[in-house]
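Following: one structure in structure tokens, then a few remarks.
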Amino acid sequence: MKKQSYTENELAKDLENQEYKFGFVTNIESDKAPKGLNEGIIRFISAKKNEPDWLLEHRLKAFEIWKTMTEPEWAHVEYVKPDFQDITYYSAPKQTKKYESWDDVDPELKETMSKLGISMEEQQRLTGVAVDFVMDSVSVATSFKEKLKELGIIFCSFSDAVQEHPELVRKYMGSVVPMTDNFYAALNSAVFSDGSFCYIPKGVKCPMELSTYFRINEGGTGQFERTLVVADEGSYVSYLEGCTAPQRDENQLHAAVVELVALESAEIKYSTVQNWYPGDKEGKGGVYNFVTKRGICERNSKISWTQVETGSAITWKYPSCILKGDNSIGEFYSVAVTNNYQQADTGTKMIHLGKNTRSTIISKGISAGKSQNSYRGLVQIHKNADNARNFSQCDSLLMTEECGAHTFPYIECKNSTAKIEHEATTSKIGEDQIFYCLQRGISEEKAIGLIVNGYCKDVLNQLPMEFAVEAQKLLTISLEGSVG
Amino acid sequence: MKTLINIKDLHASINGKEILKGLNLEVKPGEIHAVMGPNGAGKSTLASVLAGREEYEITEGTVDFDGKDLLELSTEDRAREGLFLAFQYPVEIPGVSNVNFLRTALNEIREYNGQEQISAKDFMALVREKSTLVELDSKLASRSVNEGFSGGEKKRNEIFQMAMLQPKLAILDETDSGLDIDALRIVANGVNKLKTPENGAIVITHYQRLLDYIVPDFVHVLYDGKIVKSGSKELALELEEKGYDWIKEELEKAH
């Protein structure tokens, strides 16, 4: 039987006692924790989610560690640090905003989605308009779930996984990104709200792209998401995260943790399109996206990260691979676009531990407006990693005079048999290229779209077909009117 | 008879320096005009100004293009109205396939002219037809725009694009420069085959050589920003034989 270690009433009592001390508002809604972070809040979150003791202990331990840590400052970004006592760490899963009818939906939002080529049905789903298609969508999701179930694939919310597959969660959670890893990973470990869990059994090739699209119990995307993907021996999965539609979210701070485990001979392909609110043209508002993503590769396995990042005011993100097993492969393909006052510090870490391990890094940064775009990467070859190979290519494209592109490649090599190649270029979008397009009758907007998509082709080619088409349009939209 | 393009007293400068100093030129449908002249005469400036490069400032003059005020049109609208420039130095666009580039261009032109988008099938048929015309390897059509092309391939690709977009007026800016004799023949053949009673061309060249293959109706000498002499094909031969100095002397005598 599940034990309620800490009830809401107890929490309420605690909070009453602490009210003065923490300045809490007196009226506590039952589905929402008051602002601030303390042990009581963590117990509340855990109790709300009906979690087993071990998980509560895990959270509390992470919280203790977090308290001893300071926010990292090495990234090439400037921002006002969040006030961690001014954040609400738990609210019951929000329903996406429901509109009474399609006519009520913000026309600007509709226009952007049309430009992205998102189907009417999906547009309505994304905006949460309750119409007939719901039946259809449920049936699609149901047949989808049945198919996965037949194959023994588990794909559910993190909370459900904690209840239904605690042994798997307990075994793998924190095995790739320990709570001590960094400030935001520790914070996430203490207060994570929900996220996704995926397990592919031995030898199973997941026949379809797993996307959060099909997770019907999805509420609003959480502030502190936690994702865990485990591919058992010889299995394969392609996982899609995010979507190209504009993500409007009230939460300013997002600190997610994603862990991938590729067991022997398994392969995980993880694709992300990130389009959180980037702030307005003057740089006001926008999401702080501080994400820790990492995968571990056992023998003969492969992890491939592909990301298209166009959103958020501040991005701080380094999807990494620990190439632990011999012959394992890590790949990182990234397009990061910054416009107006956006700042991105993104890249990857390839940690070569095993023999004959190989890694490829292709990073394409595009800066426009007054934005700052940095690539930061680490290639580390450990002493036992005989014949390790790395190829890195980091290209930066500048759209204006006022933006910045920076590259911070770190290479640490402790094995003389390693081969490491690094190529980097910085170029300004060619006025000659644009003029050439104009002279052929192509509008400037389309010209930029063509040139930028051509520039990013090596990365876009890695995305699943449908996602790639949307991502191409997204790039064009993100850079509208940005050449200076 | 109507005019395709009528350039009157055109003055243009760049960074405050006047390059075109009162240029007049009229091209009627079905005509090929060669514009020749020594280095620095303003040949490439003429091409750039007509195409709409922003660096140049037009200080005087008018350009009527098929009944429209060309100088009032944006670069892309000039192209959509049917003005095509074959670049002296075609630009590389990595990662963008030739066919994708041309389909975008063609559809933009069609949209401007109130026509429907071309279907993928018709488009590919057109690609096959036109690439044969300029003896362009169909593999080049699917490669990135000009990326890794040889000099000759780039120029042939310009003519291929011209064939695809079917402009009213084509301006060939030193298309012959850097071409070996075979490539020159192919490029010229392309231009000749594309000639119709409705369209016209301005062939800008330094050497007479190209005119062995493209027979112009008129030859003009551009010197110090003006057309100083016009004549038939024979004028080109005379220039080839005597160089440009005699024109200079003739002009000085006249003053």
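Identifiers in this document derive from the order of the structure tokens: chains are assigned A, B, ..., residues are numbered from 1 separately in each chain, and ligands are numbered from 1 in order of occurrence.
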* DSSP-assigned alpha helix (DSSP H) among segment 253-452 of chain A, expressed as a count of residues only -> 18
* segment 179-187 of chain B: which residues within 8 Å, counting only C-alpha atoms, same-chain residues fewer than 2 positions away excluded, as number ranges by chain? -> B: 134-135, 151-152, 155-156, 159, 176-177, 189-191, 210, 213
Emit the selected residues as an mmCIF file, in the first residue's frame, including all heavy atoms.
data_model
loop_
_atom_site.group_PDB
_atom_site.id
_atom_site.type_symbol
_atom_site.label_atom_id
_atom_site.label_comp_id
_atom_site.auth_asym_id
_atom_site.auth_seq_id
_atom_site.Cartn_x
_atom_site.Cartn_y
_atom_site.Cartn_z
ATOM 1 N N VAL B 134 21.362 23.582 -72.651
ATOM 2 C CA VAL B 134 22.676 24.163 -72.364
ATOM 3 C C VAL B 134 23.701 23.083 -72.064
ATOM 4 O O VAL B 134 24.765 23.353 -71.538
ATOM 5 C CB VAL B 134 22.614 25.165 -71.179
ATOM 6 C CG1 VAL B 134 21.855 26.406 -71.574
ATOM 7 C CG2 VAL B 134 22.004 24.536 -69.949
ATOM 8 N N GLU B 135 23.353 21.836 -72.434
ATOM 9 C CA GLU B 135 24.239 20.693 -72.224
ATOM 10 C C GLU B 135 24.745 20.646 -70.785
ATOM 11 O O GLU B 135 25.917 20.452 -70.509
ATOM 12 C CB GLU B 135 25.419 20.734 -73.218
ATOM 13 C CG GLU B 135 24.939 20.709 -74.674
ATOM 14 C CD GLU B 135 26.078 20.868 -75.675
ATOM 15 O OE1 GLU B 135 27.147 20.286 -75.421
ATOM 16 O OE2 GLU B 135 25.899 21.569 -76.684
ATOM 17 N N GLY B 151 34.416 27.117 -63.246
ATOM 18 C CA GLY B 151 34.039 28.398 -63.838
ATOM 19 C C GLY B 151 33.052 28.226 -64.980
ATOM 20 O O GLY B 151 32.044 28.909 -65.059
ATOM 21 N N GLY B 152 33.355 27.265 -65.852
ATOM 22 C CA GLY B 152 32.494 27.012 -66.996
ATOM 23 C C GLY B 152 31.118 26.519 -66.584
ATOM 24 O O GLY B 152 30.104 26.913 -67.149
ATOM 25 N N LYS B 155 28.915 29.379 -65.378
ATOM 26 C CA LYS B 155 28.357 30.202 -66.452
ATOM 27 C C LYS B 155 27.249 29.448 -67.183
ATOM 28 O O LYS B 155 26.229 30.019 -67.554
ATOM 29 C CB LYS B 155 29.462 30.608 -67.445
ATOM 30 C CG LYS B 155 30.549 31.511 -66.839
ATOM 31 C CD LYS B 155 29.964 32.846 -66.397
ATOM 32 C CE LYS B 155 30.960 33.742 -65.682
ATOM 33 N NZ LYS B 155 31.965 34.342 -66.532
ATOM 34 N N ARG B 156 27.468 28.172 -67.389
ATOM 35 C CA ARG B 156 26.429 27.367 -68.037
ATOM 36 C C ARG B 156 25.174 27.325 -67.176
ATOM 37 O O ARG B 156 24.058 27.334 -67.666
ATOM 38 C CB ARG B 156 26.945 25.946 -68.250
ATOM 39 C CG ARG B 156 27.215 25.673 -69.716
ATOM 40 C CD ARG B 156 27.456 24.231 -69.948
ATOM 41 N NE ARG B 156 28.827 23.883 -69.591
ATOM 42 C CZ ARG B 156 29.279 22.635 -69.593
ATOM 43 N NH1 ARG B 156 28.475 21.641 -69.908
ATOM 44 N NH2 ARG B 156 30.521 22.391 -69.287
ATOM 45 N N ILE B 159 23.085 30.331 -67.729
ATOM 46 C CA ILE B 159 22.274 30.242 -68.951
ATOM 47 C C ILE B 159 21.111 29.267 -68.751
ATOM 48 O O ILE B 159 20.005 29.484 -69.230
ATOM 49 C CB ILE B 159 23.152 29.811 -70.161
ATOM 50 C CG1 ILE B 159 24.336 30.776 -70.330
ATOM 51 C CG2 ILE B 159 22.328 29.769 -71.450
ATOM 52 C CD1 ILE B 159 23.975 32.245 -70.474
ATOM 53 N N ASP B 176 31.401 35.557 -71.083
ATOM 54 C CA ASP B 176 32.488 34.850 -71.765
ATOM 55 C C ASP B 176 33.777 34.815 -70.967
ATOM 56 O O ASP B 176 34.661 34.031 -71.268
ATOM 57 C CB ASP B 176 32.755 35.504 -73.133
ATOM 58 C CG ASP B 176 32.908 37.020 -73.029
ATOM 59 O OD1 ASP B 176 32.408 37.594 -72.040
ATOM 60 O OD2 ASP B 176 33.518 37.617 -73.925
ATOM 61 N N SER B 177 33.878 35.642 -69.915
ATOM 62 C CA SER B 177 35.159 35.692 -69.208
ATOM 63 C C SER B 177 35.457 34.356 -68.545
ATOM 64 O O SER B 177 34.586 33.737 -67.936
ATOM 65 C CB SER B 177 35.155 36.824 -68.166
ATOM 66 O OG SER B 177 34.271 36.517 -67.130
ATOM 67 N N ASN B 189 25.453 29.025 -77.777
ATOM 68 C CA ASN B 189 24.374 28.227 -78.365
ATOM 69 C C ASN B 189 23.092 28.356 -77.572
ATOM 70 O O ASN B 189 22.009 28.477 -78.136
ATOM 71 C CB ASN B 189 24.764 26.746 -78.377
ATOM 72 C CG ASN B 189 25.362 26.366 -79.720
ATOM 73 O OD1 ASN B 189 25.191 27.113 -80.692
ATOM 74 N ND2 ASN B 189 26.063 25.249 -79.775
ATOM 75 N N GLY B 190 23.255 28.289 -76.268
ATOM 76 C CA GLY B 190 22.100 28.429 -75.374
ATOM 77 C C GLY B 190 21.402 29.757 -75.632
ATOM 78 O O GLY B 190 20.181 29.812 -75.795
ATOM 79 N N VAL B 191 22.187 30.820 -75.670
ATOM 80 C CA VAL B 191 21.617 32.152 -75.870
ATOM 81 C C VAL B 191 20.909 32.227 -77.221
ATOM 82 O O VAL B 191 19.781 32.707 -77.325
ATOM 83 C CB VAL B 191 22.725 33.237 -75.777
ATOM 84 C CG1 VAL B 191 22.158 34.608 -76.121
ATOM 85 C CG2 VAL B 191 23.336 33.244 -74.386
ATOM 86 N N LEU B 210 33.192 36.292 -78.164
ATOM 87 C CA LEU B 210 31.845 35.764 -77.931
ATOM 88 C C LEU B 210 30.945 36.045 -79.129
ATOM 89 O O LEU B 210 30.031 35.281 -79.437
ATOM 90 C CB LEU B 210 31.259 36.381 -76.653
ATOM 91 C CG LEU B 210 29.838 35.975 -76.261
ATOM 92 C CD1 LEU B 210 29.770 34.488 -75.923
ATOM 93 C CD2 LEU B 210 29.334 36.783 -75.089
ATOM 94 N N TYR B 213 30.021 33.757 -81.924
ATOM 95 C CA TYR B 213 28.993 32.739 -81.671
ATOM 96 C C TYR B 213 27.603 33.352 -81.488
ATOM 97 O O TYR B 213 26.606 32.762 -81.862
ATOM 98 C CB TYR B 213 29.350 31.902 -80.441
ATOM 99 C CG TYR B 213 30.663 31.183 -80.594
ATOM 100 C CD1 TYR B 213 31.848 31.749 -80.136
ATOM 101 C CD2 TYR B 213 30.717 29.936 -81.225
ATOM 102 C CE1 TYR B 213 33.056 31.095 -80.285
ATOM 103 C CE2 TYR B 213 31.923 29.270 -81.388
ATOM 104 C CZ TYR B 213 33.089 29.852 -80.916
ATOM 105 O OH TYR B 213 34.275 29.194 -81.082
#
Closest atom pairs, chain B residues within 6 Å of chain A, only C-alpha atoms, as CSV:
residue,atom,partner,partner_atom,distance
B:Thr75,CA,A:Leu438,CA,5.9
B:Glu76,CA,A:Gly441,CA,4.3
B:Ala79,CA,A:Gly441,CA,4.8
B:Arg80,CA,A:Gly441,CA,5.2
B:Pro94,CA,A:Gly454,CA,5.8
B:Gly95,CA,A:Gly454,CA,3.7
B:Val96,CA,A:Gly454,CA,4.7
B:Ala105,CA,A:Ile442,CA,5.2
B:Ile109,CA,A:Gly441,CA,5.9
* **Top pick for closest residue to Leu168 of chain A, considering A:Val77, A:Phe197, A:Gln462, A:Lys202 and counting only C-alpha atoms** => A:Phe197
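Those residues that approach Asn113 of chain B to within 12 Å, counting only C-alpha atoms, are Gly441 of chain A; Asp77, Ala79, Arg80, Glu81, Gly82, Leu106, Asn107, Glu108, Ile109, Arg110, Glu111, Gln115, Glu116 and Gln117 of chain B; same-chain residues fewer than 2 positions away are not listed.
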* To do: Name the residues in contact with Phe87 of chain B at a cut-off of 9 Å, using only C-alpha atoms, excluding same-chain residues fewer than 6 positions from it; report them as number ranges by chain.
  => A: 436; B: 47, 155, 158, 171-175
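Computed from the coordinates, the atom CA of Leu251 of chain B to atom CA of Ser13 of chain B distance equals 22.6 Å.
Comparing the minimum interatomic distances between Val228 of chain B and each of B:Phe123, B:Tyr112, B:Tyr244, B:Tyr89, counting only C-alpha atoms, we find that B:Tyr244 sits nearest.
Residues within 9 Å of Thr59 of chain B, counting only C-alpha atoms and excluding same-chain residues fewer than 4 positions away, are Leu10, His11, Ala12, Ser13 and Glu18 of chain B.
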Residues from last step as file, N, CA and C atoms, as an mmCIF file, in the first residue's frame:
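Output contents, as saved in selection_22.cif:
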data_model
loop_
_atom_site.group_PDB
_atom_site.id
_atom_site.type_symbol
_atom_site.label_atom_id
_atom_site.label_comp_id
_atom_site.auth_asym_id
_atom_site.auth_seq_id
_atom_site.Cartn_x
_atom_site.Cartn_y
_atom_site.Cartn_z
ATOM 1 N N LEU B 10 21.196 58.191 -68.656
ATOM 2 C CA LEU B 10 21.366 57.583 -67.334
ATOM 3 C C LEU B 10 22.704 57.968 -66.686
ATOM 4 N N HIS B 11 22.572 58.547 -65.497
ATOM 5 C CA HIS B 11 23.747 58.886 -64.700
ATOM 6 C C HIS B 11 23.700 58.063 -63.413
ATOM 7 N N ALA B 12 24.815 57.420 -63.089
ATOM 8 C CA ALA B 12 24.843 56.648 -61.841
ATOM 9 C C ALA B 12 26.218 56.774 -61.209
ATOM 10 N N SER B 13 26.213 56.847 -59.870
ATOM 11 C CA SER B 13 27.502 56.942 -59.182
ATOM 12 C C SER B 13 27.551 55.976 -58.004
ATOM 13 N N GLU B 18 31.023 59.370 -60.107
ATOM 14 C CA GLU B 18 30.101 59.118 -61.214
ATOM 15 C C GLU B 18 30.719 58.120 -62.191
#
* To do: Could you give me, as a ChimeraX atom specification, the residues within 10 Å of Glu54 of chain B, counting only C-alpha atoms and dropping anything in the same chain fewer than 4 positions from it?
  => /A:435 /B:14,48-49,58,74-75
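Atom CA of Thr306 of chain A is positioned 18.4 Å from atom CA of Ser478 of chain A.
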